[in-house]
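Next comes work_27.txt, with compact mmCIF, C-alpha atoms.
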# COMPACT_ATOMS: atom_id res chain seq x y z
CA MET O 1 90.41 86.06 108.13
CA HIS O 2 91.20 86.00 111.82
CA TYR O 3 89.05 88.18 114.07
CA ILE O 4 88.35 88.85 117.74
CA GLU O 5 84.71 88.98 118.84
CA SER O 6 83.22 89.84 122.20
CA GLY O 7 80.18 91.46 123.78
CA ALA O 8 76.55 91.72 122.75
CA GLY O 9 74.33 94.43 121.33
CA THR O 10 74.89 96.79 118.43
CA PRO O 11 77.39 95.16 116.02
CA LEU O 12 80.51 97.32 115.72
CA VAL O 13 83.26 96.26 113.33
CA LEU O 14 86.60 97.89 114.15
CA LEU O 15 89.36 97.99 111.53
CA HIS O 16 92.88 98.54 112.81
CA ALA O 17 95.66 100.94 111.89
CA PHE O 18 99.02 100.28 110.22
CA PRO O 19 101.32 98.61 111.14
CA VAL O 20 99.51 96.76 113.94
CA ASP O 21 96.59 94.33 114.23
CA ALA O 22 93.22 93.96 115.94
CA ARG O 23 94.81 93.91 119.39
CA MET O 24 95.13 97.70 119.20
CA TRP O 25 91.41 97.78 120.01
CA ASN O 26 91.68 95.63 123.17
CA PRO O 27 91.66 98.54 125.67
CA LEU O 28 88.53 99.95 124.01
CA ARG O 29 86.84 96.56 123.62
CA GLY O 30 87.02 96.01 127.36
CA ARG O 31 85.12 99.24 127.90
CA LEU O 32 82.43 98.67 125.24
CA GLU O 33 81.63 94.96 125.27
CA GLU O 34 78.95 95.11 127.98
CA GLN O 35 76.80 97.15 125.59
CA VAL O 36 78.23 96.47 122.13
CA ARG O 37 79.03 93.40 120.02
CA ILE O 38 82.57 94.09 118.83
CA ILE O 39 84.16 92.36 115.86
CA ALA O 40 87.81 93.27 115.27
CA PRO O 41 89.49 91.50 112.34
CA ASP O 42 93.17 91.27 111.56
CA GLN O 43 93.40 92.71 108.09
CA ARG O 44 94.98 90.77 105.27
CA GLY O 45 98.65 89.93 105.87
CA LEU O 46 98.73 91.38 109.40
CA GLY O 47 98.22 89.80 112.81
CA GLU O 48 96.91 86.26 112.39
CA SER O 49 95.34 86.81 108.93
CA SER O 50 97.38 85.49 106.04
CA LEU O 51 98.26 87.34 102.89
CA ASP O 52 96.15 85.04 100.73
CA GLY O 53 93.01 85.79 102.75
CA SER O 54 92.84 82.48 104.63
CA THR O 55 92.25 82.49 108.37
CA ALA O 56 95.68 81.52 109.65
CA ARG O 57 99.08 82.64 108.44
CA GLY O 58 100.30 79.07 108.67
CA MET O 59 97.97 78.05 105.84
CA LEU O 60 99.90 80.13 103.31
CA ASP O 61 102.15 78.22 100.92
CA PRO O 62 103.92 80.85 98.80
CA LYS O 63 104.59 78.29 96.07
CA THR O 64 100.96 77.38 95.47
CA ALA O 65 98.64 79.94 97.08
CA PRO O 66 96.79 82.34 94.75
CA LEU O 67 98.25 85.46 96.29
CA THR O 68 96.88 88.93 95.72
CA ALA O 69 100.33 90.37 96.43
CA ASP O 70 100.55 91.47 92.80
CA ARG O 71 97.55 93.78 93.24
CA PRO O 72 97.54 95.27 96.73
CA SER O 73 94.35 97.29 97.14
CA VAL O 74 92.11 98.59 99.89
CA ASP O 75 89.26 97.24 97.75
CA VAL O 76 90.60 93.70 98.27
CA ALA O 77 90.76 94.38 102.01
CA ALA O 78 87.18 95.71 101.90
CA ALA O 79 86.01 92.55 100.12
CA ASP O 80 87.51 90.56 103.00
CA ILE O 81 85.38 92.53 105.44
CA LEU O 82 82.21 92.05 103.43
CA GLU O 83 82.89 88.32 103.24
CA LEU O 84 83.29 88.26 107.02
CA LEU O 85 79.96 90.07 107.48
CA ASP O 86 78.31 87.46 105.25
CA GLN O 87 79.83 84.65 107.30
CA LEU O 88 78.54 86.24 110.50
CA GLU O 89 75.14 86.88 108.88
CA LEU O 90 75.28 90.59 109.62
CA PRO O 91 73.35 92.56 106.99
CA ARG O 92 74.22 95.94 108.54
CA VAL O 93 76.85 97.06 111.05
CA VAL O 94 78.41 100.15 112.49
CA LEU O 95 81.79 100.31 110.79
CA GLY O 96 84.79 101.88 112.45
CA GLY O 97 88.34 102.34 111.24
CA CYS O 98 91.50 103.96 112.52
CA SER O 99 94.07 105.30 110.02
CA MET O 100 94.49 102.48 107.45
CA GLY O 101 91.31 100.97 108.89
CA GLY O 102 89.52 104.15 107.88
CA TYR O 103 90.74 103.73 104.31
CA VAL O 104 89.37 100.18 104.26
CA ALA O 105 86.10 101.32 105.86
CA THR O 106 85.71 103.89 103.10
CA ALA O 107 86.34 101.17 100.51
CA VAL O 108 83.57 99.10 102.13
CA LEU O 109 81.33 102.15 101.90
CA ARG O 110 82.21 102.51 98.23
CA ALA O 111 81.39 98.86 97.50
CA ALA O 112 78.33 98.27 99.71
CA PRO O 113 76.95 101.40 101.43
CA GLN O 114 73.77 99.51 102.35
CA ARG O 115 75.81 97.41 104.81
CA VAL O 116 76.93 100.45 106.83
CA ALA O 117 74.45 101.69 109.45
CA GLY O 118 76.92 104.14 110.97
CA LEU O 119 80.50 105.22 110.39
CA LEU O 120 83.19 105.78 113.03
CA MET O 121 86.33 107.33 111.55
CA VAL O 122 89.28 107.57 113.95
CA ASP O 123 92.43 109.52 113.04
CA THR O 124 92.14 108.94 109.32
CA LYS O 125 91.55 111.00 106.18
CA ALA O 126 89.69 110.98 102.89
CA PRO O 127 92.16 112.34 100.27
CA ALA O 128 94.55 110.08 98.39
CA ASP O 129 98.26 110.28 99.09
CA THR O 130 100.41 112.99 97.60
CA ASP O 131 103.23 111.89 95.31
CA GLU O 132 105.69 112.27 98.19
CA GLN O 133 103.55 110.23 100.59
CA ARG O 134 103.09 107.53 97.96
CA ALA O 135 106.81 107.33 97.33
CA ASN O 136 107.50 107.04 101.06
CA ARG O 137 105.04 104.14 101.37
CA LEU O 138 106.56 102.30 98.44
CA GLY O 139 110.00 102.80 99.92
CA VAL O 140 108.90 101.26 103.22
CA ALA O 141 107.33 98.34 101.35
CA THR O 142 110.55 97.63 99.49
CA ARG O 143 112.69 97.91 102.61
CA ALA O 144 110.36 95.57 104.53
CA GLU O 145 110.72 92.95 101.83
CA GLN O 146 114.48 93.31 101.59
CA GLU O 147 115.41 93.70 105.27
CA GLY O 148 112.40 92.56 107.29
CA THR O 149 110.91 95.01 109.80
CA SER O 150 112.73 94.31 113.05
CA GLY O 151 113.79 97.43 114.89
CA TRP O 152 113.70 100.09 112.21
CA LEU O 153 109.96 100.10 111.50
CA ALA O 154 108.96 100.65 115.13
CA ASP O 155 111.76 103.18 115.65
CA THR O 156 110.60 105.10 112.59
CA MET O 157 106.88 105.09 113.32
CA LEU O 158 106.52 105.30 117.10
CA PRO O 159 107.31 109.02 117.41
CA ASN O 160 104.54 109.84 114.93
CA LEU O 161 101.93 107.30 115.99
CA LEU O 162 101.83 108.34 119.64
CA GLY O 163 101.16 111.79 120.97
CA GLU O 164 103.69 113.71 123.02
CA SER O 165 101.66 113.16 126.20
CA THR O 166 101.72 109.39 125.72
CA ARG O 167 105.43 109.27 124.90
CA ARG O 168 106.17 111.33 128.01
CA GLN O 169 103.67 109.92 130.52
CA ARG O 170 102.65 106.41 129.39
CA PRO O 171 105.77 104.27 128.84
CA GLU O 172 103.69 101.10 129.03
CA VAL O 173 101.71 102.20 125.95
CA VAL O 174 104.94 102.92 124.07
CA GLU O 175 106.20 99.40 124.81
CA GLU O 176 102.84 97.81 123.98
CA LEU O 177 102.80 99.54 120.60
CA ARG O 178 106.41 98.59 119.89
CA ALA O 179 105.55 94.93 120.54
CA LEU O 180 102.53 95.12 118.21
CA ILE O 181 104.62 96.61 115.40
CA GLU O 182 107.42 94.09 115.88
CA ALA O 183 104.89 91.25 115.61
CA GLN O 184 103.78 92.15 112.09
CA PRO O 185 105.08 90.06 109.14
CA ALA O 186 107.19 91.88 106.57
CA ASP O 187 105.11 90.65 103.62
CA GLY O 188 101.92 91.98 105.20
CA VAL O 189 103.56 95.32 105.98
CA ALA O 190 104.69 95.65 102.35
CA TRP O 191 101.27 94.67 100.98
CA ALA O 192 99.45 97.13 103.23
CA GLN O 193 101.75 100.00 102.27
CA ARG O 194 101.24 99.36 98.57
CA ALA O 195 97.48 99.07 99.06
CA MET O 196 97.36 102.41 100.85
CA ALA O 197 99.60 104.05 98.25
CA ALA O 198 97.19 102.98 95.49
CA ARG O 199 93.97 104.04 97.22
CA PRO O 200 91.75 106.62 95.48
CA ASP O 201 90.50 109.90 96.81
CA SER O 202 87.40 109.17 98.89
CA VAL O 203 85.95 112.60 99.59
CA GLU O 204 82.93 112.08 97.33
CA THR O 205 82.30 108.61 98.78
CA LEU O 206 81.99 110.15 102.24
CA ARG O 207 79.92 113.04 100.95
CA ALA O 208 77.40 110.54 99.56
CA PHE O 209 77.00 108.69 102.87
CA SER O 210 73.82 109.91 104.55
CA GLY O 211 74.08 107.78 107.68
CA PRO O 212 75.26 108.92 111.12
CA SER O 213 79.00 109.47 111.36
CA MET O 214 81.45 110.23 114.13
CA VAL O 215 84.94 111.55 113.37
CA VAL O 216 87.44 111.19 116.21
CA VAL O 217 90.90 112.71 116.25
CA GLY O 218 93.71 112.93 118.77
CA ALA O 219 94.54 116.54 119.57
CA GLU O 220 98.26 115.64 119.30
CA ASP O 221 97.99 113.65 116.06
CA THR O 222 100.61 114.82 113.57
CA ILE O 223 99.83 112.22 110.87
CA THR O 224 96.16 113.10 110.34
CA PRO O 225 95.80 116.25 112.44
CA PRO O 226 92.61 117.84 113.78
CA SER O 227 92.40 120.05 110.69
CA ALA O 228 92.03 116.93 108.50
CA ALA O 229 89.38 115.56 110.85
CA ARG O 230 87.42 118.81 110.67
CA GLU O 231 87.44 118.64 106.87
CA MET O 232 86.15 115.06 106.99
CA ALA O 233 83.40 115.91 109.46
CA GLU O 234 82.31 118.78 107.25
CA VAL O 235 82.15 116.52 104.18
CA LEU O 236 80.00 113.89 105.92
CA PRO O 237 76.35 115.03 105.84
CA ARG O 238 75.76 113.84 109.42
CA GLY O 239 79.32 114.09 110.66
CA GLU O 240 80.07 114.75 114.32
CA LEU O 241 83.61 115.73 115.36
CA VAL O 242 85.20 114.70 118.66
CA GLU O 243 88.74 115.69 119.65
CA MET O 244 90.66 113.56 122.16
CA ALA O 245 92.93 115.56 124.48
CA GLY O 246 96.26 113.96 125.32
CA SER O 247 96.19 111.56 122.38
CA GLY O 248 98.02 111.18 119.12
CA HIS O 249 97.12 108.86 116.22
CA LEU O 250 95.92 105.87 118.29
CA PRO O 251 93.38 106.94 120.94
CA SER O 252 92.21 103.36 121.52
CA LEU O 253 95.63 102.69 123.05
CA GLU O 254 96.37 106.15 124.40
CA VAL O 255 93.07 107.34 125.93
CA PRO O 256 90.64 104.38 125.81
CA ASP O 257 88.44 105.75 128.61
CA ALA O 258 87.86 109.04 126.83
CA LEU O 259 87.23 107.26 123.54
CA ALA O 260 84.70 104.91 125.13
CA ASP O 261 82.93 107.86 126.80
CA ALA O 262 82.56 109.52 123.38
CA VAL O 263 81.55 106.45 121.40
CA LEU O 264 79.05 104.72 123.73
CA PRO O 265 76.33 107.43 123.73
CA TRP O 266 76.66 107.80 119.96
CA LEU O 267 76.29 104.06 119.43
CA ALA O 268 73.27 103.97 121.75
CA SER O 269 71.56 106.56 119.56
CA LEU O 270 71.84 104.46 116.38
CA ASP O 271 69.18 102.24 114.86
CA VAL O 272 70.93 99.07 113.67

Show me the file's structure as structure tokens.
Amino acid sequence: MHYIESGAGTPLVLLHAFPVDARMWNPLRGRLEEQVRIIAPDQRGLGESSLDGSTARGMLDPKTAPLTADRPSVDVAAADILELLDQLELPRVVLGGCSMGGYVATAVLRAAPQRVAGLLMVDTKAPADTDEQRANRLGVATRAEQEGTSGWLADTMLPNLLGESTRRQRPEVVEELRALIEAQPADGVAWAQRAMAARPDSVETLRAFSGPSMVVVGAEDTITPPSAAREMAEVLPRGELVEMAGSGHLPSLEVPDALADAVLPWLASLDV
């Protein structure tokens, strides 16, 4: 598994959204790394992490590698994260996830809650997909495999991923996100969509987590709106809700200063 690491202090593992990679956290990393040790992995099949779980995509030989493509699952992605924590000799971390990263973070929590000292959930949700949402994901997975992802995936997702303020006022963020989406391999996109489509409802997993939790949501997020974030914060026994003005689904790209201002004091209050 490929990952980016920088900074020193409280270990914070940040899991990225779909369909991008760990670079989505770069604007936030630059604002946290003086006080926080940040570990941002590329999740399986995306960025520089291969679909078979090896570090580099170039190591994957589709004829011989023992692929997990036949069983896409957020639990497999969570096992990757736990293996990385073992490699880094980190018994406990603050775990953060945005969108798909939140689904994987919840799967980590389901498998090994003792490894999670604090939970940062950014523009994500706990319930499983509806039948319609699941069908849409599976359709995207099939199209990615058949056609690749060039052009259509970014065109389809950009209007929903970014808030209206960003699309109107921050053209550089729009282009940065487009480049991140265009860089993702079609097989990884398909695998991730199928993994998310198969994920279970996680409300009770979050309800059972007694550690400190922060739930962040962009005020302009239409994918997982503030109402979904409020429900998640209410489920978490020690949940704290923060709403980001002027942001959609990806505040680390859209409003990194505001996100850092919210996260740093919370992290400083934790005992890790």

Identify which of the residues O:Leu84, O:Val140, O:Val93, O:Val76 lies closest to Thr10 of chain O, counting all atoms listed in the file when measuring atom-to-atom distances.
O:Val93

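Of the listed residues O:Leu32, O:Ala22, O:Val216, O:Leu177, the one whose atoms come nearest to Asp257 of chain O is O:Leu32, with distances taken using only C-alpha atoms.
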
Given all atoms listed in the file as the basis, pick out the residue of O:Gly45, O:Gly7, O:Pro159, O:Pro237 nearest to Arg178 of chain O.
O:Pro159

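What separates atom CA of Gly248 of chain O from atom CA of Ala40 of chain O is a distance of 21.0 Å.
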
Select all residues near (109.6, 95.1, 100.0) (cut-off 12 Å, inclusive, file coordinates), counting all atoms listed in the file, and output them as JSON, numbers by chain.
{"O": [69, 137, 138, 139, 140, 141, 142, 143, 144, 145, 146, 147, 148, 149, 185, 186, 187, 188, 189, 190, 191, 192, 193, 194]}

Option closest in space to Ala197 of chain O, from O:Val173, O:Ala128, O:Val122, O:Val263 [counting all atoms listed in the file]
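Closest residue, counting all atoms listed in the file: O:Ala128.
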
Mind giving me the straight-line distance from atom CA of Met214 of chain O to atom CA of Gly239 of chain O in Å, one decimal?
5.6 Å

Per residue of segment 183-213 of chain O within 9 Å of segment 99-105 of chain O, what are the shortest atom pair and its distance in Å to one decimal, counting all atoms listed in the file, with rows by chain and residue number, as CSV?
residue,atom,partner,partner_atom,distance
O:Ala192,CA,O:Met100,CA,8.4
O:Met196,CA,O:Met100,CA,7.2
O:Arg199,CA,O:Tyr103,CA,7.8
O:Ser202,CA,O:Tyr103,CA,8.4

Would you mind exporting the chosen residues as a PDB file, in the coordinates of the input, restricted to C-alpha atoms?
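Generated output (again00.pdb):
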ATOM      1  CA  ALA O 192      99.450  97.130 103.230  1.00  0.00           C
ATOM      2  CA  MET O 196      97.360 102.410 100.850  1.00  0.00           C
ATOM      3  CA  ARG O 199      93.970 104.040  97.220  1.00  0.00           C
ATOM      4  CA  SER O 202      87.400 109.170  98.890  1.00  0.00           C
TER       5      SER O 202
END

Grab the atom CA of Met232 of chain O to atom CA of Asp129 of chain O distance for me, in Å with one decimal place.
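So the answer is 15.2 Å.
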
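You can rank O:Val203, O:Ser247, O:Ala258, O:Leu161 by their closest distance to Glu234 of chain O using only C-alpha atoms, and at the top of that list sits O:Val203.
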
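With distances taken over all atoms listed in the file, O:Pro200 is the one residue among O:Leu153, O:Glu33, O:Pro11, O:Pro200 lying closest to Asp75 of chain O.
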
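For Glu204 of chain O, the non-local neighbours within 10 Å, defined as residues at least 4 positions apart in the same chain or in other chains and counting only C-alpha atoms, are Arg110, Ala126, Pro127, Ala208, Phe209, Val235 and Leu236 of chain O.
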
Ala245 of chain O surroundings by all atoms listed in the file, 9 Å radius, close-in-sequence under 6 positions cut, as a VMD selection string:
chain O and resid 217 to 220 255 258

Could you write out that same residue set with C-alpha atoms as a PDB file, in the coordinates of the input?
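Output file selection-v2.pdb is given in full below:
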ATOM      1  CA  VAL O 217      90.900 112.710 116.250  1.00  0.00           C
ATOM      2  CA  GLY O 218      93.710 112.930 118.770  1.00  0.00           C
ATOM      3  CA  ALA O 219      94.540 116.540 119.570  1.00  0.00           C
ATOM      4  CA  GLU O 220      98.260 115.640 119.300  1.00  0.00           C
ATOM      5  CA  VAL O 255      93.070 107.340 125.930  1.00  0.00           C
ATOM      6  CA  ALA O 258      87.860 109.040 126.830  1.00  0.00           C
TER       7      ALA O 258
END

Please supply segment 103-114 of chain O, rebuilt with all heavy atoms, as a PDB file, in the coordinates of the input.
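So the final result, stored in result14.pdb, reads:
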ATOM      1  N   TYR O 103      90.689 103.854 105.765  1.00  0.00           N
ATOM      2  CA  TYR O 103      90.740 103.730 104.310  1.00  0.00           C
ATOM      3  C   TYR O 103      89.961 102.495 103.853  1.00  0.00           C
ATOM      4  O   TYR O 103      89.255 102.537 102.841  1.00  0.00           O
ATOM      5  CB  TYR O 103      92.192 103.604 103.826  1.00  0.00           C
ATOM      6  CG  TYR O 103      93.129 104.687 104.298  1.00  0.00           C
ATOM      7  CD1 TYR O 103      94.487 104.433 104.435  1.00  0.00           C
ATOM      8  CD2 TYR O 103      92.675 105.961 104.610  1.00  0.00           C
ATOM      9  CE1 TYR O 103      95.371 105.413 104.861  1.00  0.00           C
ATOM     10  CE2 TYR O 103      93.546 106.942 105.043  1.00  0.00           C
ATOM     11  CZ  TYR O 103      94.894 106.663 105.167  1.00  0.00           C
ATOM     12  OH  TYR O 103      95.765 107.643 105.596  1.00  0.00           O
ATOM     13  N   VAL O 104      90.105 101.400 104.610  1.00  0.00           N
ATOM     14  CA  VAL O 104      89.370 100.180 104.260  1.00  0.00           C
ATOM     15  C   VAL O 104      87.876 100.375 104.508  1.00  0.00           C
ATOM     16  O   VAL O 104      87.042  99.936 103.705  1.00  0.00           O
ATOM     17  CB  VAL O 104      89.915  98.979 105.052  1.00  0.00           C
ATOM     18  CG1 VAL O 104      89.107  97.715 104.752  1.00  0.00           C
ATOM     19  CG2 VAL O 104      91.392  98.745 104.739  1.00  0.00           C
ATOM     20  N   ALA O 105      87.517 101.047 105.586  1.00  0.00           N
ATOM     21  CA  ALA O 105      86.100 101.320 105.860  1.00  0.00           C
ATOM     22  C   ALA O 105      85.480 102.121 104.726  1.00  0.00           C
ATOM     23  O   ALA O 105      84.341 101.861 104.306  1.00  0.00           O
ATOM     24  CB  ALA O 105      85.954 102.066 107.185  1.00  0.00           C
ATOM     25  N   THR O 106      86.220 103.094 104.217  1.00  0.00           N
ATOM     26  CA  THR O 106      85.710 103.890 103.100  1.00  0.00           C
ATOM     27  C   THR O 106      85.556 103.031 101.847  1.00  0.00           C
ATOM     28  O   THR O 106      84.607 103.217 101.063  1.00  0.00           O
ATOM     29  CB  THR O 106      86.650 105.071 102.812  1.00  0.00           C
ATOM     30  OG1 THR O 106      86.850 105.814 104.016  1.00  0.00           O
ATOM     31  CG2 THR O 106      86.057 105.992 101.774  1.00  0.00           C
ATOM     32  N   ALA O 107      86.463 102.084 101.650  1.00  0.00           N
ATOM     33  CA  ALA O 107      86.340 101.170 100.510  1.00  0.00           C
ATOM     34  C   ALA O 107      85.119 100.269 100.659  1.00  0.00           C
ATOM     35  O   ALA O 107      84.442  99.957  99.671  1.00  0.00           O
ATOM     36  CB  ALA O 107      87.608 100.328 100.379  1.00  0.00           C
ATOM     37  N   VAL O 108      84.808  99.850 101.883  1.00  0.00           N
ATOM     38  CA  VAL O 108      83.570  99.100 102.130  1.00  0.00           C
ATOM     39  C   VAL O 108      82.372  99.964 101.771  1.00  0.00           C
ATOM     40  O   VAL O 108      81.417  99.516 101.123  1.00  0.00           O
ATOM     41  CB  VAL O 108      83.489  98.639 103.601  1.00  0.00           C
ATOM     42  CG1 VAL O 108      82.104  98.053 103.910  1.00  0.00           C
ATOM     43  CG2 VAL O 108      84.573  97.611 103.911  1.00  0.00           C
ATOM     44  N   LEU O 109      82.421 101.212 102.185  1.00  0.00           N
ATOM     45  CA  LEU O 109      81.330 102.150 101.900  1.00  0.00           C
ATOM     46  C   LEU O 109      81.159 102.347 100.399  1.00  0.00           C
ATOM     47  O   LEU O 109      80.029 102.441  99.895  1.00  0.00           O
ATOM     48  CB  LEU O 109      81.648 103.478 102.576  1.00  0.00           C
ATOM     49  CG  LEU O 109      80.515 104.476 102.771  1.00  0.00           C
ATOM     50  CD1 LEU O 109      79.405 103.890 103.620  1.00  0.00           C
ATOM     51  CD2 LEU O 109      81.068 105.743 103.425  1.00  0.00           C
ATOM     52  N   ARG O 110      82.254 102.358  99.678  1.00  0.00           N
ATOM     53  CA  ARG O 110      82.210 102.510  98.230  1.00  0.00           C
ATOM     54  C   ARG O 110      81.560 101.289  97.571  1.00  0.00           C
ATOM     55  O   ARG O 110      80.804 101.408  96.616  1.00  0.00           O
ATOM     56  CB  ARG O 110      83.644 102.691  97.710  1.00  0.00           C
ATOM     57  CG  ARG O 110      83.772 103.334  96.368  1.00  0.00           C
ATOM     58  CD  ARG O 110      85.143 103.895  96.102  1.00  0.00           C
ATOM     59  NE  ARG O 110      86.240 103.029  96.487  1.00  0.00           N
ATOM     60  CZ  ARG O 110      87.166 103.358  97.377  1.00  0.00           C
ATOM     61  NH1 ARG O 110      87.119 104.529  97.983  1.00  0.00           N
ATOM     62  NH2 ARG O 110      88.151 102.532  97.677  1.00  0.00           N
ATOM     63  N   ALA O 111      81.865 100.099  98.106  1.00  0.00           N
ATOM     64  CA  ALA O 111      81.390  98.860  97.500  1.00  0.00           C
ATOM     65  C   ALA O 111      79.977  98.494  97.918  1.00  0.00           C
ATOM     66  O   ALA O 111      79.201  97.955  97.118  1.00  0.00           O
ATOM     67  CB  ALA O 111      82.338  97.711  97.861  1.00  0.00           C
ATOM     68  N   ALA O 112      79.619  98.763  99.184  1.00  0.00           N
ATOM     69  CA  ALA O 112      78.330  98.270  99.710  1.00  0.00           C
ATOM     70  C   ALA O 112      77.802  99.210 100.783  1.00  0.00           C
ATOM     71  O   ALA O 112      77.744  98.857 101.957  1.00  0.00           O
ATOM     72  CB  ALA O 112      78.494  96.859 100.262  1.00  0.00           C
ATOM     73  N   PRO O 113      77.405 100.430 100.419  1.00  0.00           N
ATOM     74  CA  PRO O 113      76.950 101.400 101.430  1.00  0.00           C
ATOM     75  C   PRO O 113      75.749 100.918 102.228  1.00  0.00           C
ATOM     76  O   PRO O 113      75.557 101.344 103.369  1.00  0.00           O
ATOM     77  CB  PRO O 113      76.610 102.641 100.590  1.00  0.00           C
ATOM     78  CG  PRO O 113      76.400 102.135  99.195  1.00  0.00           C
ATOM     79  CD  PRO O 113      77.325 100.967  99.047  1.00  0.00           C
ATOM     80  N   GLN O 114      74.949 100.008 101.651  1.00  0.00           N
ATOM     81  CA  GLN O 114      73.770  99.510 102.350  1.00  0.00           C
ATOM     82  C   GLN O 114      74.130  98.663 103.561  1.00  0.00           C
ATOM     83  O   GLN O 114      73.275  98.430 104.427  1.00  0.00           O
ATOM     84  CB  GLN O 114      72.892  98.694 101.384  1.00  0.00           C
ATOM     85  CG  GLN O 114      73.432  97.325 100.999  1.00  0.00           C
ATOM     86  CD  GLN O 114      74.493  97.359  99.899  1.00  0.00           C
ATOM     87  OE1 GLN O 114      74.921  98.436  99.476  1.00  0.00           O
ATOM     88  NE2 GLN O 114      74.894  96.194  99.438  1.00  0.00           N
TER      89      GLN O 114
END
